[in-house]
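Take a look at the structure below.
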Amino acid sequence: MIRKALLAAAVMAFAAPAAAQAPTAAAPAASDWRTPDPENLLVIDTNKGRVVVELLPEVAPAHVQRVKELTRAGFYDGRTFFRVIDQFMAQTGDPEDRGTGGSDKPDLVQEFQFRMGADSGFVQASDENVSQTGFIKSLPVRTQSPMLMAMTADGKISAWPLYCPGVAAMARGAGDDSANSQFFLMRQTYPSLEKRYTGWGRVISGLDVVRSIKVGEPVTPPQDKMDKVRILADIPASERPKVRVVDTNSAWFKAQIQNTKAQAGTSFSVCDINIPSEVK
């Protein structure tokens, strides 16, 4: 089965560049940072540099589990970025390095949307009456109106990732339930992918690396590749990078949202908001 990441119609969608980032009055304080769970950090060492992706099992548990399983089996080591579109995304994770292969594991049932409760840690960026945009940890999401929570059997509402720069998602074939091993990292904003692909994480460090990957559809040799892919928790302590990211639930970040909204005006998008991180 061909596992093209994105259908032709999606490729024609508008990809809006992010707005300029509004400055804040001060740098984040120590209390404004969080240390992500090392079990949910994917460290991708490429020939262009290191990329760190935060995994969100609360959003797409089966897909996160698959990525972890394949990572720990060494499946992704040496895989090329075989399809890279400049204002779009970089695709990888195919053992055939051409978009037609997958692992020996069964295809996954789609997780395009997830159920979100009041205890999800959602941080609102904008209220659009029938929906809201904001963040769960580093991932930008859109949700139904929280007023609907009181009317649903499980007390939750539907939510889904927004395809901002850095978002990580699973590639698939023509069928919704055909994702297997291939994934892509967003280089720019691409709204037409919402509720059509399973987003399972976001690049919190190394977006510049993702954007430096050689472009092509397909990419002509030599292709850029993932030399080594590991879960942070599996890296020996002596080699393990220290990673922290600004907490989207912090006072500093909430002020950053307001500053960005004031600068962007009516053109504001949650994709305009930067989340600072440090990897040492």
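Residues in the structure tokens are named by chain (A, B, ... in the order shown) and by number from 1 within that chain; ligands are numbered from 1 in the order shown.
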How close does each residue of region 77-167 of chain A get to region 218-242 of chain A, giving the shortest atom pair and distance in Å to one decimal for every residue with an atom at most 12 Å away, counting only C-alpha atoms, sorted by chain and residue number, as CSV?
residue,atom,partner,partner_atom,distance
A:Asp77,CA,A:Lys228,CA,4.7
A:Gly78,CA,A:Asp227,CA,4.8
A:Arg79,CA,A:Met226,CA,5.5
A:Thr80,CA,A:Lys225,CA,3.9
A:Phe81,CA,A:Lys225,CA,5.6
A:Phe82,CA,A:Val219,CA,5.2
A:Arg83,CA,A:Pro218,CA,4.9
A:Val84,CA,A:Val219,CA,6.8
A:Ile85,CA,A:Pro218,CA,9.2
A:Asp86,CA,A:Val219,CA,11.5
A:Ala90,CA,A:Val219,CA,10.2
A:Gln91,CA,A:Pro218,CA,10.1
A:Thr92,CA,A:Lys225,CA,8.2
A:Gly93,CA,A:Met226,CA,9.0
A:Asp94,CA,A:Lys225,CA,11.2
A:Pro95,CA,A:Lys225,CA,11.9
A:Asp97,CA,A:Gln223,CA,9.6
A:Arg98,CA,A:Pro218,CA,7.5
A:Gly99,CA,A:Pro218,CA,9.0
Create the file for the chosen residues now, containing N, CA and C atoms and written as a PDB file, in the first residue's frame.
ATOM      1  N   ASP A  77      16.441   4.461  12.837  1.00  0.00           N
ATOM      2  CA  ASP A  77      17.850   4.822  12.654  1.00  0.00           C
ATOM      3  C   ASP A  77      18.253   4.678  11.178  1.00  0.00           C
ATOM      4  N   GLY A  78      18.807   5.734  10.619  1.00  0.00           N
ATOM      5  CA  GLY A  78      19.270   5.706   9.235  1.00  0.00           C
ATOM      6  C   GLY A  78      18.219   6.025   8.199  1.00  0.00           C
ATOM      7  N   ARG A  79      16.992   6.270   8.628  1.00  0.00           N
ATOM      8  CA  ARG A  79      15.913   6.565   7.663  1.00  0.00           C
ATOM      9  C   ARG A  79      16.081   7.983   7.095  1.00  0.00           C
ATOM     10  N   THR A  80      15.808   8.102   5.808  1.00  0.00           N
ATOM     11  CA  THR A  80      15.975   9.389   5.132  1.00  0.00           C
ATOM     12  C   THR A  80      14.705  10.221   5.191  1.00  0.00           C
ATOM     13  N   PHE A  81      14.885  11.507   4.953  1.00  0.00           N
ATOM     14  CA  PHE A  81      13.762  12.412   4.685  1.00  0.00           C
ATOM     15  C   PHE A  81      13.585  12.389   3.162  1.00  0.00           C
ATOM     16  N   PHE A  82      12.660  11.563   2.715  1.00  0.00           N
ATOM     17  CA  PHE A  82      12.541  11.286   1.282  1.00  0.00           C
ATOM     18  C   PHE A  82      11.555  12.215   0.568  1.00  0.00           C
ATOM     19  N   ARG A  83      10.731  12.908   1.324  1.00  0.00           N
ATOM     20  CA  ARG A  83       9.743  13.829   0.726  1.00  0.00           C
ATOM     21  C   ARG A  83       9.683  15.074   1.600  1.00  0.00           C
ATOM     22  N   VAL A  84      10.179  16.190   1.063  1.00  0.00           N
ATOM     23  CA  VAL A  84      10.286  17.421   1.844  1.00  0.00           C
ATOM     24  C   VAL A  84       9.809  18.582   0.987  1.00  0.00           C
ATOM     25  N   ILE A  85       8.792  19.282   1.468  1.00  0.00           N
ATOM     26  CA  ILE A  85       8.211  20.410   0.736  1.00  0.00           C
ATOM     27  C   ILE A  85       8.438  21.669   1.560  1.00  0.00           C
ATOM     28  N   ASP A  86       9.042  22.669   0.957  1.00  0.00           N
ATOM     29  CA  ASP A  86       9.570  23.825   1.667  1.00  0.00           C
ATOM     30  C   ASP A  86       8.572  24.467   2.621  1.00  0.00           C
ATOM     31  N   ALA A  90       8.408  17.819   6.327  1.00  0.00           N
ATOM     32  CA  ALA A  90       9.474  16.879   5.999  1.00  0.00           C
ATOM     33  C   ALA A  90       9.023  15.491   6.439  1.00  0.00           C
ATOM     34  N   GLN A  91       8.999  14.539   5.514  1.00  0.00           N
ATOM     35  CA  GLN A  91       8.472  13.202   5.763  1.00  0.00           C
ATOM     36  C   GLN A  91       9.593  12.172   5.834  1.00  0.00           C
ATOM     37  N   THR A  92       9.441  11.220   6.768  1.00  0.00           N
ATOM     38  CA  THR A  92      10.448  10.194   6.976  1.00  0.00           C
ATOM     39  C   THR A  92       9.780   8.952   7.576  1.00  0.00           C
ATOM     40  N   GLY A  93      10.589   7.988   8.004  1.00  0.00           N
ATOM     41  CA  GLY A  93      10.069   6.820   8.708  1.00  0.00           C
ATOM     42  C   GLY A  93       9.693   5.641   7.839  1.00  0.00           C
ATOM     43  N   ASP A  94      10.136   5.623   6.574  1.00  0.00           N
ATOM     44  CA  ASP A  94       9.841   4.527   5.663  1.00  0.00           C
ATOM     45  C   ASP A  94      11.088   3.662   5.498  1.00  0.00           C
ATOM     46  N   PRO A  95      11.015   2.354   5.803  1.00  0.00           N
ATOM     47  CA  PRO A  95      12.199   1.509   5.627  1.00  0.00           C
ATOM     48  C   PRO A  95      12.654   1.393   4.180  1.00  0.00           C
ATOM     49  N   ASP A  97      12.468   4.106   2.231  1.00  0.00           N
ATOM     50  CA  ASP A  97      12.922   5.474   1.958  1.00  0.00           C
ATOM     51  C   ASP A  97      12.347   6.055   0.665  1.00  0.00           C
ATOM     52  N   ARG A  98      11.079   5.720   0.385  1.00  0.00           N
ATOM     53  CA  ARG A  98      10.454   6.278  -0.818  1.00  0.00           C
ATOM     54  C   ARG A  98       8.957   6.512  -0.686  1.00  0.00           C
ATOM     55  N   GLY A  99       8.377   6.189   0.467  1.00  0.00           N
ATOM     56  CA  GLY A  99       6.962   6.479   0.699  1.00  0.00           C
ATOM     57  C   GLY A  99       6.019   5.320   0.509  1.00  0.00           C
TER      58      GLY A  99
END
Residue set, region 10-92 of chain A restricted to alpha helix (DSSP H), as a ChimeraX atom specification:
/A:10-11,61-72
Next, dump the selected residues to file, keeping only N, CA and C atoms, as a tab-separated table (two decimals), in the first residue's frame.
chain	number	residue	atom	x	y	z
A	10	ALA	N	-4.42	18.50	-0.36
A	10	ALA	CA	-3.80	19.17	0.78
A	10	ALA	C	-2.60	19.99	0.36
A	11	VAL	N	-1.87	19.51	-0.64
A	11	VAL	CA	-0.68	20.20	-1.07
A	11	VAL	C	-1.00	21.58	-1.64
A	61	PRO	N	-2.68	8.29	22.05
A	61	PRO	CA	-1.95	7.24	22.78
A	61	PRO	C	-1.43	6.11	21.91
A	62	ALA	N	-2.22	5.63	20.96
A	62	ALA	CA	-1.77	4.50	20.14
A	62	ALA	C	-0.62	4.89	19.23
A	63	HIS	N	-0.68	6.09	18.68
A	63	HIS	CA	0.38	6.54	17.78
A	63	HIS	C	1.67	6.82	18.55
A	64	VAL	N	1.56	7.40	19.73
A	64	VAL	CA	2.76	7.62	20.55
A	64	VAL	C	3.38	6.28	20.93
A	65	GLN	N	2.55	5.31	21.30
A	65	GLN	CA	3.07	3.99	21.63
A	65	GLN	C	3.80	3.38	20.44
A	66	ARG	N	3.26	3.52	19.23
A	66	ARG	CA	3.91	2.98	18.04
A	66	ARG	C	5.26	3.65	17.79
A	67	VAL	N	5.29	4.97	17.89
A	67	VAL	CA	6.56	5.69	17.68
A	67	VAL	C	7.60	5.22	18.68
A	68	LYS	N	7.20	5.04	19.93
A	68	LYS	CA	8.14	4.57	20.96
A	68	LYS	C	8.62	3.15	20.64
A	69	GLU	N	7.70	2.27	20.28
A	69	GLU	CA	8.07	0.89	19.97
A	69	GLU	C	9.08	0.82	18.84
A	70	LEU	N	8.80	1.55	17.77
A	70	LEU	CA	9.70	1.52	16.61
A	70	LEU	C	11.03	2.18	16.93
A	71	THR	N	10.99	3.25	17.71
A	71	THR	CA	12.23	3.92	18.11
A	71	THR	C	13.10	2.97	18.91
A	72	ARG	N	12.51	2.29	19.88
A	72	ARG	CA	13.28	1.41	20.75
A	72	ARG	C	13.79	0.17	20.02
For Leu162 (chain A), list every protein, DNA or RNA residue within 8 Å, evaluated using only C-alpha atoms, and leave out those in the same chain fewer than 2 positions away; present the list as a PDB file with N, CA and C atoms, in the first residue's frame.
ATOM      1  N   LEU A 139       1.674  21.472  22.502  1.00  0.00           N
ATOM      2  CA  LEU A 139       0.890  21.226  21.291  1.00  0.00           C
ATOM      3  C   LEU A 139      -0.242  22.243  21.134  1.00  0.00           C
ATOM      4  N   PRO A 140      -0.312  22.927  19.984  1.00  0.00           N
ATOM      5  CA  PRO A 140      -1.437  23.824  19.720  1.00  0.00           C
ATOM      6  C   PRO A 140      -2.668  23.016  19.333  1.00  0.00           C
ATOM      7  N   VAL A 141      -3.811  23.349  19.917  1.00  0.00           N
ATOM      8  CA  VAL A 141      -5.028  22.592  19.653  1.00  0.00           C
ATOM      9  C   VAL A 141      -6.228  23.531  19.493  1.00  0.00           C
ATOM     10  N   ARG A 142      -7.264  22.990  18.854  1.00  0.00           N
ATOM     11  CA  ARG A 142      -8.569  23.638  18.800  1.00  0.00           C
ATOM     12  C   ARG A 142      -9.565  22.728  19.502  1.00  0.00           C
ATOM     13  N   TRP A 160      -8.568  18.774  18.727  1.00  0.00           N
ATOM     14  CA  TRP A 160      -7.677  18.242  17.698  1.00  0.00           C
ATOM     15  C   TRP A 160      -6.471  19.165  17.519  1.00  0.00           C
ATOM     16  N   CYS A 164       0.601  23.726  13.171  1.00  0.00           N
ATOM     17  CA  CYS A 164       1.558  24.829  13.253  1.00  0.00           C
ATOM     18  C   CYS A 164       2.968  24.295  12.989  1.00  0.00           C
ATOM     19  N   VAL A 167       4.788  20.762  14.502  1.00  0.00           N
ATOM     20  CA  VAL A 167       3.894  19.672  14.886  1.00  0.00           C
ATOM     21  C   VAL A 167       4.317  18.388  14.179  1.00  0.00           C
ATOM     22  N   PRO A 191      -3.189  24.595   7.746  1.00  0.00           N
ATOM     23  CA  PRO A 191      -4.478  24.309   8.392  1.00  0.00           C
ATOM     24  C   PRO A 191      -5.291  23.193   7.763  1.00  0.00           C
ATOM     25  N   GLU A 194      -5.968  19.626   9.497  1.00  0.00           N
ATOM     26  CA  GLU A 194      -6.721  19.421  10.743  1.00  0.00           C
ATOM     27  C   GLU A 194      -7.809  18.362  10.575  1.00  0.00           C
TER      28      GLU A 194
END
To one decimal place in Å, what is the distance between CA of Ser120 (chain A) and CA of Val243 (chain A)?
22.4 Å
Contacts of Trp252 (chain A) within 10 Å, only C-alpha atoms, excl. fewer than 6 positions in-chain, as a ChimeraX atom specification:
/A:24-29,31-33,246
With C-alpha atoms retained, write the just-selected residues as a short mmCIF file (atom, residue, chain, number, x, y, z; two decimals), in the first residue's frame.
data_model
loop_
_atom_site.label_atom_id
_atom_site.label_comp_id
_atom_site.auth_asym_id
_atom_site.auth_seq_id
_atom_site.Cartn_x
_atom_site.Cartn_y
_atom_site.Cartn_z
CA THR A 24 7.81 40.34 26.52
CA ALA A 25 8.75 42.62 29.39
CA ALA A 26 11.15 40.12 30.96
CA ALA A 27 12.68 36.70 30.43
CA PRO A 28 10.90 33.71 31.94
CA ALA A 29 11.56 33.17 35.65
CA SER A 31 9.04 29.05 37.98
CA ASP A 32 7.86 29.59 34.38
CA TRP A 33 9.73 26.53 33.07
CA VAL A 246 8.41 27.22 29.10
#
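Using only C-alpha atoms, the shortest contact distance between Leu41 (chain A) and any of A:Val109, A:Leu55, A:Val245, A:Met116 is found at A:Leu55.
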Which residues are close to Phe122 (chain A), i.e. within 8 Å by only C-alpha atoms, leaving aside same-chain residues fewer than 4 positions away? Reply as an MDAnalysis selection string.
chainID A and resid 118 134:137
Work out how far CA of Gly166 (chain A) is from CA of Arg196 (chain A), in Å to one decimal.
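Straight-line distance from CA of Arg196 (chain A) to CA of Gly166 (chain A) works out to 17.1 Å.
The shortest atom-to-atom distance to Ile204 (chain A), with only C-alpha atoms taken into account, belongs to A:Pro165 out of A:Pro146, A:Gly121, A:Pro165, A:Gly265.
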As an exercise, work out the distance from CA of Gly49 (chain A) to CA of Val209 (chain A) in Å and give it to one decimal place.
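CA of Val209 (chain A) lies 6.0 Å from CA of Gly49 (chain A).
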Taking into account only C-alpha atoms, which residue in the set A:Asp272, A:Asp45, A:Glu111, A:Asp127 is nearest to Pro57 (chain A)?
A:Glu111
Restricting the calculation to only C-alpha atoms, which member of A:Leu148, A:Met186, A:Ala153, A:Ala159 is positioned closest to Val53 (chain A)?
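Closest to Val53 (chain A), using only C-alpha atoms: A:Met186.
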From region 4-115 of chain A, collect each residue whose DSSP state is strand (DSSP E) and return the set as JSON, numbers by chain.
{"A": [33, 34, 41, 42, 43, 44, 45, 46, 49, 50, 51, 52, 53, 54, 55, 83, 84, 89, 90, 91, 92, 114, 115]}
Keeping only N, CA and C atoms, write the selected residues as a JSON list (two decimals), in the first residue's frame.
[["chain", "number", "residue", "atom", "x", "y", "z"],
["A", 33, "TRP", "N", 9.26, 27.65, 33.88],
["A", 33, "TRP", "CA", 9.73, 26.53, 33.07],
["A", 33, "TRP", "C", 9.19, 25.21, 33.61],
["A", 34, "ARG", "N", 9.12, 24.20, 32.74],
["A", 34, "ARG", "CA", 8.83, 22.84, 33.18],
["A", 34, "ARG", "C", 9.83, 21.89, 32.52],
["A", 41, "LEU", "N", 9.95, 12.26, 25.38],
["A", 41, "LEU", "CA", 10.78, 13.13, 24.54],
["A", 41, "LEU", "C", 11.51, 12.26, 23.53],
["A", 42, "LEU", "N", 11.33, 12.58, 22.27],
["A", 42, "LEU", "CA", 11.98, 11.88, 21.17],
["A", 42, "LEU", "C", 13.18, 12.71, 20.72],
["A", 43, "VAL", "N", 14.37, 12.13, 20.78],
["A", 43, "VAL", "CA", 15.60, 12.82, 20.40],
["A", 43, "VAL", "C", 16.04, 12.28, 19.04],
["A", 44, "ILE", "N", 15.97, 13.13, 18.02],
["A", 44, "ILE", "CA", 16.30, 12.73, 16.66],
["A", 44, "ILE", "C", 17.62, 13.41, 16.27],
["A", 45, "ASP", "N", 18.66, 12.63, 16.15],
["A", 45, "ASP", "CA", 19.95, 13.17, 15.71],
["A", 45, "ASP", "C", 20.06, 12.97, 14.20],
["A", 46, "THR", "N", 20.05, 14.06, 13.45],
["A", 46, "THR", "CA", 20.14, 14.02, 12.00],
["A", 46, "THR", "C", 21.51, 14.49, 11.55],
["A", 49, "GLY", "N", 21.68, 18.13, 12.40],
["A", 49, "GLY", "CA", 21.61, 18.59, 13.77],
["A", 49, "GLY", "C", 20.55, 17.84, 14.56],
["A", 50, "ARG", "N", 20.35, 18.24, 15.80],
["A", 50, "ARG", "CA", 19.45, 17.53, 16.71],
["A", 50, "ARG", "C", 18.07, 18.17, 16.74],
["A", 51, "VAL", "N", 17.06, 17.30, 16.75],
["A", 51, "VAL", "CA", 15.67, 17.72, 16.87],
["A", 51, "VAL", "C", 15.09, 17.00, 18.09],
["A", 52, "VAL", "N", 14.40, 17.75, 18.95],
["A", 52, "VAL", "CA", 13.75, 17.17, 20.12],
["A", 52, "VAL", "C", 12.25, 17.37, 19.99],
["A", 53, "VAL", "N", 11.50, 16.27, 20.05],
["A", 53, "VAL", "CA", 10.05, 16.28, 19.89],
["A", 53, "VAL", "C", 9.39, 15.85, 21.18],
["A", 54, "GLU", "N", 8.44, 16.63, 21.67],
["A", 54, "GLU", "CA", 7.66, 16.21, 22.83],
["A", 54, "GLU", "C", 6.49, 15.36, 22.35],
["A", 55, "LEU", "N", 6.36, 14.16, 22.91],
["A", 55, "LEU", "CA", 5.27, 13.25, 22.60],
["A", 55, "LEU", "C", 4.10, 13.52, 23.55],
["A", 83, "ARG", "N", 10.73, 12.91, 1.32],
["A", 83, "ARG", "CA", 9.74, 13.83, 0.73],
["A", 83, "ARG", "C", 9.68, 15.07, 1.60],
["A", 84, "VAL", "N", 10.18, 16.19, 1.06],
["A", 84, "VAL", "CA", 10.29, 17.42, 1.84],
["A", 84, "VAL", "C", 9.81, 18.58, 0.99],
["A", 89, "MET", "N", 6.19, 20.43, 4.93],
["A", 89, "MET", "CA", 6.63, 19.45, 5.92],
["A", 89, "MET", "C", 7.81, 18.63, 5.39],
["A", 90, "ALA", "N", 8.41, 17.82, 6.33],
["A", 90, "ALA", "CA", 9.47, 16.88, 6.00],
["A", 90, "ALA", "C", 9.02, 15.49, 6.44],
["A", 91, "GLN", "N", 9.00, 14.54, 5.51],
["A", 91, "GLN", "CA", 8.47, 13.20, 5.76],
["A", 91, "GLN", "C", 9.59, 12.17, 5.83],
["A", 92, "THR", "N", 9.44, 11.22, 6.77],
["A", 92, "THR", "CA", 10.45, 10.19, 6.98],
["A", 92, "THR", "C", 9.78, 8.95, 7.58],
["A", 114, "PHE", "N", -9.42, 13.92, 19.85],
["A", 114, "PHE", "CA", -9.36, 13.29, 21.17],
["A", 114, "PHE", "C", -10.38, 13.97, 22.08],
["A", 115, "ARG", "N", -10.68, 13.32, 23.18],
["A", 115, "ARG", "CA", -11.63, 13.86, 24.15],
["A", 115, "ARG", "C", -10.86, 14.62, 25.23]]
